[in-house]
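Chemist: The structure is given below, and queries will be raised subsequently.
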Amino acid sequence: MTQTVSKWMSREVLSAKPDDPLFSGVEVMAEKGIRHVLVLEEGKLLGILSNRDIVRATMLNAERTLDLHGTTVKQVMTKGPLETIHPLAQIPDAAAKLVDHKISALPVIGDDGAVVGILTTDDTLRAVALEGCSLRRPDL
């Protein structure tokens with residue numbers, strides 16, 4: 001049985017603005033126990049901030065420290081264009097994108113171009129584990 005992204009995505013989209021201090025993005029991740037924050041400006045998706053982006057930025061700094069208040073989200077985020085997915089896409093297609101692009105989250109974009117959710121590798125695995133959702137793509 002194949003399931004759509006809309007059934008498994010998180011509808012509560014946690015976001016940051018590009019000019020926010022990095023601390024605000026890190027704080028949201030820590031408080032909510034998540035690894036990704038979408039970066040939006042006036043509803044438009046500009047990027048995604050992940051825990052990997054923060055680690056990468058820290059490792060690129062010679063002192064291995066990162067000024068969370070003096071660095072902005074846009075300085076660290078993965079900038080667009082990003083891989084995205086439609087809410088009616090099938091879980092196997094989402095899984096293929098996650099694997100092919102070596103990413104762990106997909107912003108979910110509706111017909112009007114607005115962000116309607118986020119699908120993570122955890123959500124995809126949950127679909128497989130709880131629903132027995134096949135990862136075989138229907139078109140193969």
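Letters A, B, ... mark the chains of the structure tokens in the order given; residue numbers begin at 1 per chain; ligand numbers begin at 1, in order shown.
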Write out as a PDB file with C-alpha atoms, in the first residue's frame all residues of chain A that DSSP puts in helix (DSSP H, G or I) for this structure's backbone.
Modeler:
```
ATOM      1  CA  VAL A   5       3.375  12.686   1.720  1.00  0.00           C
ATOM      2  CA  SER A   6       0.429  14.638   3.173  1.00  0.00           C
ATOM      3  CA  LYS A   7      -0.385  11.770   5.550  1.00  0.00           C
ATOM      4  CA  TRP A   8       3.109  11.705   7.078  1.00  0.00           C
ATOM      5  CA  LEU A  22      21.560  31.874  14.351  1.00  0.00           C
ATOM      6  CA  PHE A  23      20.796  31.479  18.048  1.00  0.00           C
ATOM      7  CA  SER A  24      17.049  31.737  17.340  1.00  0.00           C
ATOM      8  CA  GLY A  25      17.173  28.829  14.889  1.00  0.00           C
ATOM      9  CA  VAL A  26      19.277  26.721  17.240  1.00  0.00           C
ATOM     10  CA  GLU A  27      16.931  27.552  20.118  1.00  0.00           C
ATOM     11  CA  VAL A  28      13.861  26.395  18.159  1.00  0.00           C
ATOM     12  CA  MET A  29      15.615  23.144  17.211  1.00  0.00           C
ATOM     13  CA  ALA A  30      16.626  22.477  20.814  1.00  0.00           C
ATOM     14  CA  GLU A  31      13.236  23.343  22.327  1.00  0.00           C
ATOM     15  CA  LYS A  32      11.244  21.288  19.815  1.00  0.00           C
ATOM     16  CA  ASN A  51      21.859  20.714  12.463  1.00  0.00           C
ATOM     17  CA  ARG A  52      24.368  19.627   9.784  1.00  0.00           C
ATOM     18  CA  ASP A  53      24.620  23.225   8.541  1.00  0.00           C
ATOM     19  CA  ILE A  54      25.498  24.346  12.063  1.00  0.00           C
ATOM     20  CA  VAL A  55      28.135  21.628  12.485  1.00  0.00           C
ATOM     21  CA  ARG A  56      29.610  22.458   9.063  1.00  0.00           C
ATOM     22  CA  ALA A  57      29.803  26.174   9.903  1.00  0.00           C
ATOM     23  CA  THR A  58      31.475  25.380  13.214  1.00  0.00           C
ATOM     24  CA  MET A  59      34.034  23.094  11.574  1.00  0.00           C
ATOM     25  CA  LEU A  60      34.899  25.728   8.951  1.00  0.00           C
ATOM     26  CA  VAL A  73      20.636  32.236   9.768  1.00  0.00           C
ATOM     27  CA  LYS A  74      21.310  33.092   6.096  1.00  0.00           C
ATOM     28  CA  GLN A  75      25.076  32.820   6.664  1.00  0.00           C
ATOM     29  CA  VAL A  76      24.754  29.166   7.677  1.00  0.00           C
ATOM     30  CA  ILE A  91       6.235   8.176  -0.004  1.00  0.00           C
ATOM     31  CA  PRO A  92       8.504   6.087  -2.307  1.00  0.00           C
ATOM     32  CA  ASP A  93       9.116   9.177  -4.463  1.00  0.00           C
ATOM     33  CA  ALA A  94       9.964  11.213  -1.370  1.00  0.00           C
ATOM     34  CA  ALA A  95      12.298   8.478  -0.130  1.00  0.00           C
ATOM     35  CA  ALA A  96      14.041   8.427  -3.511  1.00  0.00           C
ATOM     36  CA  LYS A  97      14.615  12.203  -3.359  1.00  0.00           C
ATOM     37  CA  LEU A  98      15.970  11.977   0.178  1.00  0.00           C
ATOM     38  CA  VAL A  99      18.404   9.233  -0.801  1.00  0.00           C
ATOM     39  CA  ASP A 100      19.376  10.594  -4.230  1.00  0.00           C
ATOM     40  CA  THR A 121      13.599  10.833   6.937  1.00  0.00           C
ATOM     41  CA  ASP A 122      12.018  10.015  10.309  1.00  0.00           C
ATOM     42  CA  ASP A 123       8.549  10.631   8.842  1.00  0.00           C
ATOM     43  CA  THR A 124       9.369   8.414   5.875  1.00  0.00           C
ATOM     44  CA  LEU A 125      10.642   5.602   8.083  1.00  0.00           C
ATOM     45  CA  ARG A 126       7.548   5.957  10.266  1.00  0.00           C
ATOM     46  CA  ALA A 127       5.380   5.427   7.158  1.00  0.00           C
ATOM     47  CA  VAL A 128       7.248   2.229   6.409  1.00  0.00           C
ATOM     48  CA  ALA A 129       7.280   0.930   9.980  1.00  0.00           C
ATOM     49  CA  LEU A 130       3.742   1.799  11.029  1.00  0.00           C
ATOM     50  CA  GLU A 131       1.830   1.338   7.807  1.00  0.00           C
TER      51      GLU A 131
END
```
Chemist: Show which residues sit within 12 Å of stretch 106-117 of chain A, as an MDAnalysis selection string. Count only C-alpha atoms, and ignore same-chain residues fewer than 2 positions away.
Modeler: chainID A and resid 4:15 36:50 80:89 91 93:99 101:104 119:124
Chemist: With distances taken over only C-alpha atoms, which of A:Thr65, A:Arg35, A:Gln3, A:Met77 is nearest to A:Asp20?
Modeler: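 Looking only at the distances to A:Asp20, the closest residue turns out to be A:Met77.
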Chemist: I need the residues of chain A that end up classed as strand (DSSP E) by DSSP on the backbone, written out as a list in words.
Modeler: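 Everything in chain A that counts as strand (DSSP E) is Ser15, Ala16, His36, Val37, Leu38, Val39, Leu40, Glu41, Lys44, Leu45, Leu46, Gly47, Ile48, Leu49, Ser50, Thr78, Lys79, Ala105, Leu106, Pro107, Val108, Ile109, Val115, Val116, Gly117, Ile118, Leu119 and Thr120 of chain A.
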Chemist: Tell me which of A:Ala105, A:Thr72, A:Ile34, A:Pro18 sits closest to A:Ile118, counting only C-alpha atoms.
Modeler: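 Smallest separation from A:Ile118 among the options: A:Ala105.
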